[in-house]
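*Asks:* Provided herewith: run35.csv, CSV, C-alpha atoms.
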chain,number,residue,atom,x,y,z
K,1,MET,CA,55.0,42.5,94.3
K,2,ASP,CA,56.0,42.2,97.9
K,3,ILE,CA,59.5,43.3,97.1
K,4,ILE,CA,58.3,46.4,95.3
K,5,ILE,CA,56.2,47.4,98.3
K,6,GLN,CA,59.1,46.8,100.6
K,7,LEU,CA,61.3,48.9,98.3
K,8,ILE,CA,58.9,51.9,98.4
K,9,VAL,CA,58.1,51.8,102.1
K,10,SER,CA,61.8,51.4,103.1
K,11,PHE,CA,62.5,54.5,101.0
K,12,PHE,CA,59.9,56.6,102.7
K,13,SER,CA,60.6,55.4,106.2
K,14,THR,CA,64.4,56.1,105.9
K,15,ALA,CA,63.7,59.5,104.3
K,16,GLY,CA,61.3,60.3,107.2
K,17,ILE,CA,63.9,59.4,109.7
K,18,ALA,CA,66.4,61.5,107.8
K,19,ILE,CA,64.1,64.5,108.0
K,20,ILE,CA,63.8,64.1,111.8
K,21,PHE,CA,67.6,64.1,112.0
K,22,ASN,CA,67.7,67.1,109.7
K,23,VAL,CA,70.1,65.9,107.1
K,24,PRO,CA,71.1,68.6,104.5
K,25,ARG,CA,68.2,69.0,102.0
K,26,LYS,CA,70.0,68.0,98.9
K,27,THR,CA,71.1,64.6,100.4
K,28,LEU,CA,67.6,63.6,101.5
K,29,PHE,CA,67.1,61.4,98.4
K,30,HIS,CA,70.5,59.8,98.8
K,31,CYS,CA,69.8,59.0,102.4
K,32,GLY,CA,66.6,57.3,101.4
K,33,PHE,CA,68.5,55.4,98.7
K,34,VAL,CA,71.0,54.1,101.3
K,35,GLY,CA,68.1,53.0,103.4
K,36,VAL,CA,66.5,51.1,100.5
K,37,ILE,CA,69.8,49.3,99.7
K,38,GLY,CA,70.3,48.3,103.3
K,39,TRP,CA,66.8,47.1,103.9
K,40,MET,CA,66.6,45.2,100.6
K,41,ILE,CA,69.7,43.2,101.5
K,42,TYR,CA,68.4,42.5,104.9
K,43,TYR,CA,64.9,41.6,103.6
K,44,LEU,CA,66.2,39.3,100.8
K,45,LEU,CA,68.7,37.6,103.1
K,46,THR,CA,66.2,36.9,105.8
K,47,GLU,CA,63.7,35.7,103.2
K,48,GLN,CA,66.3,33.2,102.1
K,49,GLY,CA,66.4,31.9,105.6
K,50,LEU,CA,69.6,33.5,106.8
K,51,ASP,CA,69.8,34.4,110.5
K,52,VAL,CA,68.9,37.9,111.5
K,53,VAL,CA,72.3,38.6,113.0
K,54,ASP,CA,74.2,37.7,109.8
K,55,ALA,CA,71.7,39.6,107.7
K,56,SER,CA,72.2,42.7,109.9
K,57,PHE,CA,76.0,42.4,109.5
K,58,PHE,CA,75.9,42.2,105.7
K,59,SER,CA,73.4,44.9,105.4
K,60,SER,CA,75.2,47.4,107.6
K,61,PHE,CA,78.5,46.5,105.8
K,62,ILE,CA,77.0,47.5,102.5
K,63,ILE,CA,75.3,50.6,104.0
K,64,ALA,CA,78.7,51.8,105.3
K,65,ILE,CA,80.4,51.3,101.9
K,66,VAL,CA,77.7,53.2,100.0
K,67,ALA,CA,77.7,55.9,102.7
K,68,HIS,CA,81.5,56.2,102.3
K,69,LEU,CA,81.2,56.7,98.6
K,70,TYR,CA,78.5,59.3,99.0
K,71,ALA,CA,80.5,61.1,101.7
K,72,ARG,CA,83.5,61.3,99.3
K,73,ARG,CA,81.3,62.6,96.5
K,74,PHE,CA,79.5,65.2,98.5
K,75,LYS,CA,82.5,66.1,100.7
K,76,MET,CA,80.3,65.7,103.8
K,77,PRO,CA,80.7,63.6,107.0
K,78,MET,CA,79.9,60.0,106.5
K,79,ILE,CA,77.6,59.9,109.5
K,80,ILE,CA,74.9,61.8,107.5
K,81,PHE,CA,74.4,58.8,105.2
K,82,ILE,CA,74.8,56.0,107.7
K,83,VAL,CA,72.4,57.0,110.4
K,84,ALA,CA,69.1,56.9,108.6
K,85,GLY,CA,70.1,53.7,106.8
K,86,ILE,CA,70.8,51.7,109.9
K,87,ILE,CA,67.6,52.7,111.8
K,88,PRO,CA,65.5,50.0,110.2
K,89,LEU,CA,68.1,47.4,111.3
K,90,VAL,CA,67.9,48.4,114.9
K,91,PRO,CA,66.5,45.4,116.8
K,92,GLY,CA,63.4,47.2,118.1
K,93,GLY,CA,61.3,44.1,117.9
K,94,MET,CA,63.7,42.0,119.9
K,95,ALA,CA,64.1,44.6,122.6
K,96,TYR,CA,60.3,44.9,122.7
K,97,ASN,CA,59.8,41.2,123.1
K,98,ALA,CA,62.5,41.1,125.8
K,99,MET,CA,60.7,43.9,127.7
K,100,ARG,CA,57.3,42.2,127.2
K,101,ASN,CA,58.5,38.8,128.6
K,102,VAL,CA,60.2,40.5,131.6
K,103,VAL,CA,57.0,42.3,132.4
K,104,GLU,CA,55.1,39.0,132.1
K,105,ASP,CA,57.6,37.4,134.7
K,106,ASP,CA,59.1,35.1,132.0
K,107,TYR,CA,62.6,36.2,132.7
K,108,LEU,CA,64.3,33.3,130.9
K,109,GLN,CA,62.6,34.1,127.6
K,110,GLY,CA,63.1,37.8,128.1
K,111,LEU,CA,66.9,37.2,128.6
K,112,GLN,CA,66.9,35.2,125.4
K,113,TYR,CA,65.4,38.0,123.4
K,114,GLY,CA,67.6,40.6,125.1
K,115,LEU,CA,70.7,38.7,124.2
K,116,LYS,CA,69.6,38.4,120.6
K,117,ALA,CA,69.0,42.1,120.5
K,118,PHE,CA,72.5,42.7,121.9
K,119,LEU,CA,74.0,40.3,119.3
K,120,ILE,CA,72.2,42.2,116.4
K,121,THR,CA,73.5,45.5,117.7
K,122,GLY,CA,77.0,44.1,117.8
K,123,ALA,CA,76.6,42.8,114.2
K,124,ILE,CA,75.5,46.1,112.9
K,125,VAL,CA,78.4,47.8,114.6
K,126,MET,CA,80.9,45.2,113.3
K,127,GLY,CA,79.5,45.7,109.8
K,128,LEU,CA,80.1,49.5,110.0
K,129,VAL,CA,83.6,49.2,111.4
K,130,PHE,CA,84.8,46.5,108.9
K,131,ALA,CA,83.4,48.5,105.9
K,132,GLU,CA,85.2,51.6,107.1
K,133,VAL,CA,88.5,49.9,107.5
K,134,LEU,CA,88.2,48.2,104.1
K,135,MET,CA,87.3,51.5,102.4
K,136,GLN,CA,90.4,53.2,104.0
K,137,PHE,CA,92.6,50.4,102.6
K,138,VAL,CA,91.0,50.6,99.2
K,139,PHE,CA,91.4,54.4,98.9
K,140,ARG,CA,94.9,54.3,100.3
K,141,ALA,CA,95.8,51.7,97.6
K,142,ILE,CA,94.2,53.8,94.9
K,143,ARG,CA,96.1,56.9,96.0
K,144,SER,CA,99.5,55.2,96.2
K,145,SER,CA,99.0,53.6,92.8
K,146,LYS,CA,98.1,57.0,91.3
K,147,SER,CA,101.2,58.6,92.7
K,148,LYS,CA,103.3,55.7,91.4
K,149,LEU,CA,101.8,56.3,88.0
K,150,GLN,CA,102.6,60.0,88.1
K,151,ARG,CA,106.2,59.2,89.1
K,152,THR,CA,106.7,56.8,86.2
K,153,TYR,CA,105.2,59.4,83.8
K,154,ARG,CA,107.7,62.0,85.0
K,155,LYS,CA,110.6,59.7,84.2
Y,1,MET,CA,103.3,91.3,119.8
Y,2,LEU,CA,99.9,92.5,121.1
Y,3,SER,CA,98.2,92.1,117.8
Y,4,ARG,CA,99.5,88.6,117.5
Y,5,GLU,CA,97.9,87.7,120.9
Y,6,VAL,CA,94.6,89.2,119.8
Y,7,ASP,CA,94.8,87.1,116.7
Y,8,ASN,CA,95.4,84.0,118.8
Y,9,GLU,CA,92.3,84.9,120.9
Y,10,LEU,CA,90.2,85.2,117.8
Y,11,THR,CA,91.5,81.9,116.4
Y,12,ILE,CA,90.8,80.1,119.7
Y,13,ASP,CA,87.3,81.6,119.9
Y,14,CYS,CA,86.7,80.4,116.3
Y,15,LEU,CA,87.9,76.9,117.0
Y,16,LEU,CA,86.0,76.5,120.2
Y,17,LEU,CA,82.8,77.7,118.5
Y,18,ALA,CA,83.3,75.2,115.7
Y,19,GLY,CA,83.8,72.4,118.2
Y,20,ARG,CA,80.9,73.5,120.3
Y,21,ILE,CA,78.4,73.6,117.4
Y,22,MET,CA,79.6,70.1,116.2
Y,23,ILE,CA,79.2,68.5,119.7
Y,24,GLU,CA,75.8,70.2,120.3
Y,25,SER,CA,74.6,68.8,116.9
Y,26,GLY,CA,75.7,65.3,117.8
Y,27,ALA,CA,79.0,64.8,115.9
Y,28,GLU,CA,81.5,62.1,116.8
Y,29,THR,CA,84.1,63.3,119.3
Y,30,TYR,CA,87.1,62.1,117.3
Y,31,ARG,CA,85.8,64.1,114.3
Y,32,VAL,CA,85.5,67.2,116.5
Y,33,GLU,CA,89.0,67.0,117.7
Y,34,ASP,CA,90.3,66.3,114.2
Y,35,THR,CA,88.4,69.3,112.8
Y,36,MET,CA,89.7,71.6,115.5
Y,37,LEU,CA,93.3,70.5,115.1
Y,38,ARG,CA,93.2,70.8,111.4
Y,39,MET,CA,91.8,74.4,111.7
Y,40,ALA,CA,94.5,75.2,114.2
Y,41,GLN,CA,97.3,73.9,112.0
Y,42,SER,CA,96.0,76.0,109.1
Y,43,GLN,CA,96.4,79.1,111.4
Y,44,ASN,CA,100.0,78.2,112.2
Y,45,MET,CA,99.3,76.8,115.6
Y,46,LEU,CA,101.4,73.7,115.3
Y,47,ASP,CA,101.5,72.5,118.9
Y,48,ALA,CA,97.8,72.9,119.7
Y,49,GLN,CA,96.2,70.4,122.0
Y,50,CYS,CA,92.6,69.6,122.1
Y,51,TYR,CA,90.5,67.3,124.3
Y,52,ALA,CA,86.8,67.0,123.5
Y,53,THR,CA,84.1,65.1,125.4
Y,54,PRO,CA,80.3,65.2,124.9
Y,55,THR,CA,80.1,67.6,127.8
Y,56,GLY,CA,82.9,70.0,127.1
Y,57,ILE,CA,86.1,70.9,125.2
Y,58,ILE,CA,89.5,71.8,126.5
Y,59,PHE,CA,91.8,73.6,124.1
Y,60,SER,CA,95.4,74.7,124.8
Y,61,LEU,CA,98.1,76.4,122.7
Y,62,GLY,CA,101.0,75.3,124.9
Y,63,LYS,CA,102.9,77.8,127.0
Y,64,THR,CA,102.0,81.1,125.3
Y,65,GLN,CA,98.3,81.3,126.0
Y,66,PRO,CA,96.0,80.4,128.8
Y,67,THR,CA,94.1,77.1,128.3
Y,68,ARG,CA,90.4,77.6,127.3
Y,69,ILE,CA,87.5,75.4,128.3
Y,70,THR,CA,84.0,75.4,127.0
Y,71,SER,CA,81.2,73.4,128.7
Y,72,ILE,CA,78.3,71.9,126.8
Y,73,SER,CA,75.0,70.9,128.5
Y,74,SER,CA,72.5,70.2,125.7
Y,75,ARG,CA,72.9,68.0,122.6
Y,76,VAL,CA,70.4,67.4,119.8
Y,77,THR,CA,70.8,65.7,116.5
Y,78,ASP,CA,71.2,68.2,113.6
Y,79,LEU,CA,73.2,66.7,110.8
Y,80,GLN,CA,72.8,69.8,108.7
Y,81,LYS,CA,74.8,71.9,111.2
Y,82,ILE,CA,77.5,69.3,111.3
Y,83,SER,CA,77.9,69.4,107.5
Y,84,LEU,CA,77.9,73.2,107.5
Y,85,VAL,CA,80.6,73.5,110.1
Y,86,ASN,CA,82.5,70.8,108.1
Y,87,SER,CA,82.4,72.9,105.0
Y,88,VAL,CA,83.5,76.1,106.9
Y,89,SER,CA,86.5,74.2,108.3
Y,90,ARG,CA,87.3,72.7,104.8
Y,91,ARG,CA,87.3,76.2,103.3
Y,92,LEU,CA,89.3,77.7,106.2
Y,93,THR,CA,92.0,75.0,106.1
Y,94,SER,CA,92.4,75.4,102.3
Y,95,HIS,CA,92.6,79.2,102.8
Y,96,ILE,CA,89.6,80.1,100.7
Y,97,ILE,CA,88.1,82.2,103.4
Y,98,SER,CA,89.7,84.3,106.1
Y,99,LEU,CA,89.5,83.6,109.8
Y,100,GLU,CA,87.2,86.6,110.4
Y,101,ASP,CA,84.8,85.3,107.7
Y,102,ALA,CA,84.9,81.8,109.2
Y,103,TYR,CA,84.1,83.2,112.7
Y,104,ASP,CA,81.2,85.3,111.4
Y,105,GLU,CA,79.8,82.3,109.4
Y,106,LEU,CA,80.1,80.0,112.5
Y,107,LYS,CA,78.3,82.5,114.6
Y,108,SER,CA,75.4,82.7,112.2
Y,109,ILE,CA,75.3,78.9,111.9
Y,110,GLN,CA,75.0,78.7,115.7
Y,111,LYS,CA,72.1,81.2,115.8
Y,112,THR,CA,70.1,79.8,113.0
Y,113,ASN,CA,67.5,77.0,113.5
Y,114,TYR,CA,67.9,74.7,110.5
Y,115,PHE,CA,65.1,72.3,111.5
Y,116,LEU,CA,62.0,72.0,109.3
Y,117,PRO,CA,58.8,73.3,110.8
Y,118,ILE,CA,57.4,71.0,113.4
Y,119,TYR,CA,54.4,69.9,111.4
Y,120,ILE,CA,56.6,68.6,108.6
Y,121,GLN,CA,58.8,66.8,111.1
Y,122,THR,CA,55.7,65.3,112.7
Y,123,PHE,CA,54.4,64.2,109.4
Y,124,ALA,CA,57.8,62.6,108.5
Y,125,ALA,CA,57.8,60.7,111.8
Y,126,ALA,CA,54.2,59.6,111.2
Y,127,LEU,CA,54.9,58.4,107.7
Y,128,ALA,CA,58.1,56.6,108.8
Y,129,SER,CA,56.1,54.8,111.5
Y,130,GLY,CA,53.5,53.7,109.1
Y,131,CYS,CA,56.1,52.5,106.6
Y,132,PHE,CA,58.0,50.7,109.4
Y,133,LEU,CA,54.8,48.8,110.2
Y,134,ILE,CA,54.7,47.4,106.6
Y,135,MET,CA,58.5,46.7,106.7
Y,136,PHE,CA,58.0,44.6,109.9
Y,137,LYS,CA,55.3,42.5,108.1
Y,138,GLY,CA,52.3,44.2,109.7
Y,139,GLY,CA,49.0,44.4,107.9
Y,140,TRP,CA,47.8,47.5,106.0
Y,141,SER,CA,44.8,47.7,108.3
Y,142,ASP,CA,47.1,48.8,111.1
Y,143,PHE,CA,48.7,51.5,109.0
Y,144,PRO,CA,46.5,54.4,110.1
Y,145,THR,CA,47.0,53.5,113.8
Y,146,ALA,CA,50.8,53.4,113.5
Y,147,PHE,CA,50.7,56.6,111.5
Y,148,ILE,CA,48.7,58.4,114.2
Y,149,ALA,CA,50.6,56.9,117.1
Y,150,GLY,CA,54.0,57.6,115.6
Y,151,GLY,CA,53.1,61.2,114.7
Y,152,LEU,CA,51.6,62.0,118.1
Y,153,GLY,CA,54.4,60.3,119.9
Y,154,PHE,CA,57.0,62.4,118.1
Y,155,LEU,CA,54.9,65.6,118.7
Y,156,THR,CA,54.8,64.8,122.4
Y,157,LEU,CA,58.6,64.3,122.4
Y,158,ILE,CA,59.1,67.8,120.9
Y,159,LEU,CA,56.6,69.5,123.1
Y,160,MET,CA,57.8,67.9,126.3
Y,161,ASN,CA,61.4,68.6,125.4
Y,162,HIS,CA,60.4,72.2,125.0
Y,163,LEU,CA,58.5,72.3,128.3
Y,164,THR,CA,60.6,70.4,130.7
Y,165,LYS,CA,64.1,70.1,129.2
Y,166,VAL,CA,64.5,66.7,130.8
Y,167,LYS,CA,65.2,64.3,128.0
Y,168,PHE,CA,64.4,61.1,129.9
Y,169,PHE,CA,60.9,62.4,131.0
Y,170,SER,CA,59.9,63.5,127.5
Y,171,GLU,CA,61.0,60.2,125.9
Y,172,PHE,CA,59.1,58.4,128.6
Y,173,THR,CA,55.9,60.4,128.0
Y,174,ALA,CA,56.2,60.1,124.2
Y,175,SER,CA,56.4,56.3,124.5
Y,176,LEU,CA,53.6,56.2,127.0
Y,177,ILE,CA,51.3,58.1,124.6
Y,178,ILE,CA,52.3,55.7,121.8
Y,179,GLY,CA,51.5,52.7,124.1
Y,180,VAL,CA,48.1,54.2,125.1
Y,181,ILE,CA,47.1,54.9,121.5
Y,182,ALA,CA,48.0,51.4,120.4
Y,183,PHE,CA,46.3,49.9,123.4
Y,184,LEU,CA,43.1,51.8,122.9
Y,185,ALA,CA,43.1,51.2,119.1
Y,186,VAL,CA,43.4,47.4,119.6
Y,187,LYS,CA,40.8,47.5,122.4
Y,188,PHE,CA,38.2,49.3,120.2
Y,189,HIS,CA,39.1,47.1,117.1
Y,190,TYR,CA,40.8,49.8,115.0
Y,191,GLY,CA,44.0,47.8,115.1
Y,192,THR,CA,44.9,44.1,115.3
Y,193,GLU,CA,48.5,43.6,116.4
Y,194,ILE,CA,49.5,45.8,119.3
Y,195,ASP,CA,53.1,44.6,119.2
Y,196,LYS,CA,53.8,45.7,115.7
Y,197,ILE,CA,52.0,49.0,116.1
Y,198,ILE,CA,54.1,49.9,119.2
Y,199,ILE,CA,57.4,48.7,117.7
Y,200,SER,CA,57.0,50.7,114.5
Y,201,SER,CA,55.7,53.8,116.3
Y,202,VAL,CA,58.7,54.1,118.7
Y,203,MET,CA,61.2,53.8,115.8
Y,204,PRO,CA,61.5,57.6,115.4
Y,205,LEU,CA,62.5,57.8,119.1
Y,206,VAL,CA,65.3,55.2,118.8
Y,207,PRO,CA,68.7,56.7,119.6
Y,208,GLY,CA,70.3,55.5,116.4
Y,209,ILE,CA,72.8,58.3,116.0
Y,210,LEU,CA,74.0,58.0,119.6
Y,211,ILE,CA,74.6,54.2,119.3
Y,212,THR,CA,76.5,54.7,116.0
Y,213,ASN,CA,78.6,57.5,117.4
Y,214,ALA,CA,79.3,55.8,120.7
Y,215,VAL,CA,80.8,52.8,118.8
Y,216,ARG,CA,82.7,54.9,116.4
Y,217,ASP,CA,84.2,56.9,119.2
Y,218,LEU,CA,85.1,53.7,121.1
Y,219,MET,CA,86.8,52.3,118.0
Y,220,ALA,CA,88.7,55.6,117.5
Y,221,GLY,CA,90.1,55.2,121.0
Y,222,HIS,CA,88.0,57.8,122.7
Y,223,PHE,CA,86.7,55.6,125.5
Y,224,MET,CA,85.4,58.4,127.7
Y,225,SER,CA,83.2,59.8,125.0
Y,226,GLY,CA,82.1,56.4,123.7
Y,227,MET,CA,81.1,55.4,127.2
Y,228,ALA,CA,79.3,58.7,127.9
Y,229,LYS,CA,77.3,58.4,124.6
Y,230,GLY,CA,76.6,54.8,125.3
Y,231,ALA,CA,75.1,55.8,128.6
Y,232,GLU,CA,73.0,58.4,127.0
Y,233,ALA,CA,71.7,55.9,124.4
Y,234,PHE,CA,71.0,53.4,127.2
Y,235,LEU,CA,69.0,56.0,129.1
Y,236,THR,CA,66.9,56.7,126.1
Y,237,ALA,CA,66.3,53.0,125.4
Y,238,PHE,CA,65.5,52.5,129.1
Y,239,ALA,CA,62.9,55.4,129.0
Y,240,ILE,CA,61.2,53.9,126.0
Y,241,GLY,CA,61.3,50.4,127.4
Y,242,SER,CA,59.9,51.3,130.8
Y,243,ALA,CA,57.0,53.3,129.3
Y,244,ILE,CA,56.1,50.3,127.1
Y,245,ALA,CA,56.4,48.0,130.1
Y,246,VAL,CA,53.9,50.2,132.0
Y,247,ILE,CA,51.4,49.8,129.1
Y,248,LEU,CA,52.0,46.1,128.8
Y,249,SER,CA,51.5,45.4,132.4
Y,250,PHE,CA,47.8,46.4,132.2
Could you render the structure from this file as structure tokens?
*Replies:*
Amino acid sequence: MDIIIQLIVSFFSTAGIAIIFNVPRKTLFHCGFVGVIGWMIYYLLTEQGLDVVDASFFSSFIIAIVAHLYARRFKMPMIIFIVAGIIPLVPGGMAYNAMRNVVEDDYLQGLQYGLKAFLITGAIVMGLVFAEVLMQFVFRAIRSSKSKLQRTYRK
Amino acid sequence: MLSREVDNELTIDCLLLAGRIMIESGAETYRVEDTMLRMAQSQNMLDAQCYATPTGIIFSLGKTQPTRITSISSRVTDLQKISLVNSVSRRLTSHIISLEDAYDELKSIQKTNYFLPIYIQTFAAALASGCFLIMFKGGWSDFPTAFIAGGLGFLTLILMNHLTKVKFFSEFTASLIIGVIAFLAVKFHYGTEIDKIIISSVMPLVPGILITNAVRDLMAGHFMSGMAKGAEAFLTAFAIGSAIAVILSF
């Protein structure tokens, strides 16, 4: 039951963010879908007891792969599909806790939260970059194998 | 000879306009340069050079023409404009439309406002804030508070952006409003967890696109643009954080 509720709210929150960023109308549903996939991976992994940093990495990795496929299908920039998807992963809670502890003069605890927020941001970014490089490799391999096939047919 | 130069002028105008719209809508800098160079190559400008930053574009055709500069002062996030310019450039480079058509289309793209009406945007922000509350394991009893705080915060951001044109100030005020609403709601027992209400309500203000673009620019080797965008994102985060800090210190 919990999972179904998470599924629904993650769709609406991502689609809402997508409206604010003014994505093209016909991709609104797909942006929401990317958000659902990303959030479900993050949610299930953290429920299994995986660290938030690792979960963010895997989640953003999958988001970037799905976004890449959509970008190829719609012939639109990839950024359209990524942005709304990664917003739920942004470590707002950690940054908030860091700020709160700093305001309460507990600098040590604040620094801890701040570093964690920094790590999560780094993990999201690494996930995006790794997925992009991987997809470029995959598509280059597909293209070269296709042209090889054509050459053999011509012979 | 003369008509060739006039042609070049039109092409450069067209390229600069395309680059300008893309940067003003928040595209990655490496993508802007790539798009402009592709368009230039399709118009037989093989030795064109382009240097784009978030605050301006420099474009040169080598020895024959004077170098052109365009400076950009305001940037918003409008993914629809980016995709429209992208489609114009795709059609121009595959010679489906002519240069004049592309220029006209770009001009109309620049003039049009593609954003949805403000009340729909505000509703989207409010709904997103409420949903984020549930995603961050808040209780359903706090949903209305987060809904209202998120919506009003976003509305404040738009209005202040309109009134003052100082991004830092409008983000600060928006977060301040969110903090005040959350604080009052908890004080008068309309909400229970002030932390979760604030975190979920500021989510629509988070500079997600800036962070993503900053890193993708950095990875593409555009260190200047990456750093500039990173600074912009940091400024936004700082505005939100300091406003929340003001509320929390009460």
*Asks:* Which chain Y residues are at most 7 Å from chain K (counting only C-alpha atoms), as a short mmCIF file (atom, residue, chain, number, x, y, z; two decimals) with C-alpha atoms, keeping the file's coordinate frame?
*Replies:*
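Written out: selection_27.cif:
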data_model
loop_
_atom_site.label_atom_id
_atom_site.label_comp_id
_atom_site.auth_asym_id
_atom_site.auth_seq_id
_atom_site.Cartn_x
_atom_site.Cartn_y
_atom_site.Cartn_z
CA THR Y 77 70.80 65.70 116.50
CA ASP Y 78 71.20 68.20 113.60
CA LEU Y 79 73.20 66.70 110.80
CA GLN Y 80 72.80 69.80 108.70
CA SER Y 83 77.90 69.40 107.50
CA PHE Y 115 65.10 72.30 111.50
CA GLN Y 121 58.80 66.80 111.10
CA ALA Y 124 57.80 62.60 108.50
CA ALA Y 125 57.80 60.70 111.80
CA LEU Y 127 54.90 58.40 107.70
CA ALA Y 128 58.10 56.60 108.80
CA SER Y 129 56.10 54.80 111.50
CA CYS Y 131 56.10 52.50 106.60
CA PHE Y 132 58.00 50.70 109.40
CA MET Y 135 58.50 46.70 106.70
CA ILE Y 199 57.40 48.70 117.70
CA PRO Y 204 61.50 57.60 115.40
CA GLY Y 208 70.30 55.50 116.40
CA ILE Y 209 72.80 58.30 116.00
CA VAL Y 215 80.80 52.80 118.80
CA GLY Y 241 61.30 50.40 127.40
CA ALA Y 245 56.40 48.00 130.10
CA LEU Y 248 52.00 46.10 128.80
CA SER Y 249 51.50 45.40 132.40
#
*Asks:* If I take CA of Tyr51 (chain Y) and CA of Gly26 (chain Y), how far is one from the other in Å, to one decimal?
*Replies:* 16.3 Å
*Asks:* Just to confirm, what's the straight-line distance from CA of Ser89 (chain Y) to CA of Glu232 (chain Y) in Å (one decimal)?
*Replies:*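 We find that CA of Ser89 (chain Y) and CA of Glu232 (chain Y) lie 28.0 Å from each other.
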*Asks:* Quote the spacing between CA of Phe139 (chain K) and CA of Thr212 (chain Y) in Å to one decimal place.
*Replies:* 22.7 Å
*Asks:* Just the residues within 10 Å of Ser141 (chain Y), please, counting only C-alpha atoms, with nothing from its chain fewer than 6 positions along; format it as a list in words.
*Replies:* Tyr190, Gly191, Thr192 and Glu193 of chain Y
*Asks:* Please dump the current selection as a PDB file, in the coordinates of the input; keep C-alpha atoms.
*Replies:*
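Okay, this is what ended up in part09.pdb:
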ATOM      1  CA  TYR Y 190      40.800  49.800 115.000  1.00  0.00           C
ATOM      2  CA  GLY Y 191      44.000  47.800 115.100  1.00  0.00           C
ATOM      3  CA  THR Y 192      44.900  44.100 115.300  1.00  0.00           C
ATOM      4  CA  GLU Y 193      48.500  43.600 116.400  1.00  0.00           C
TER       5      GLU Y 193
END
*Asks:* Using only C-alpha atoms for the distances, tell me which of Y:Ala27, Y:Leu46, Y:Met203, Y:Val76 is nearest to Lys165 (chain Y).
*Replies:*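 Among Y:Ala27, Y:Leu46, Y:Met203, Y:Val76, it is Y:Val76 that comes nearest to Lys165 (chain Y).
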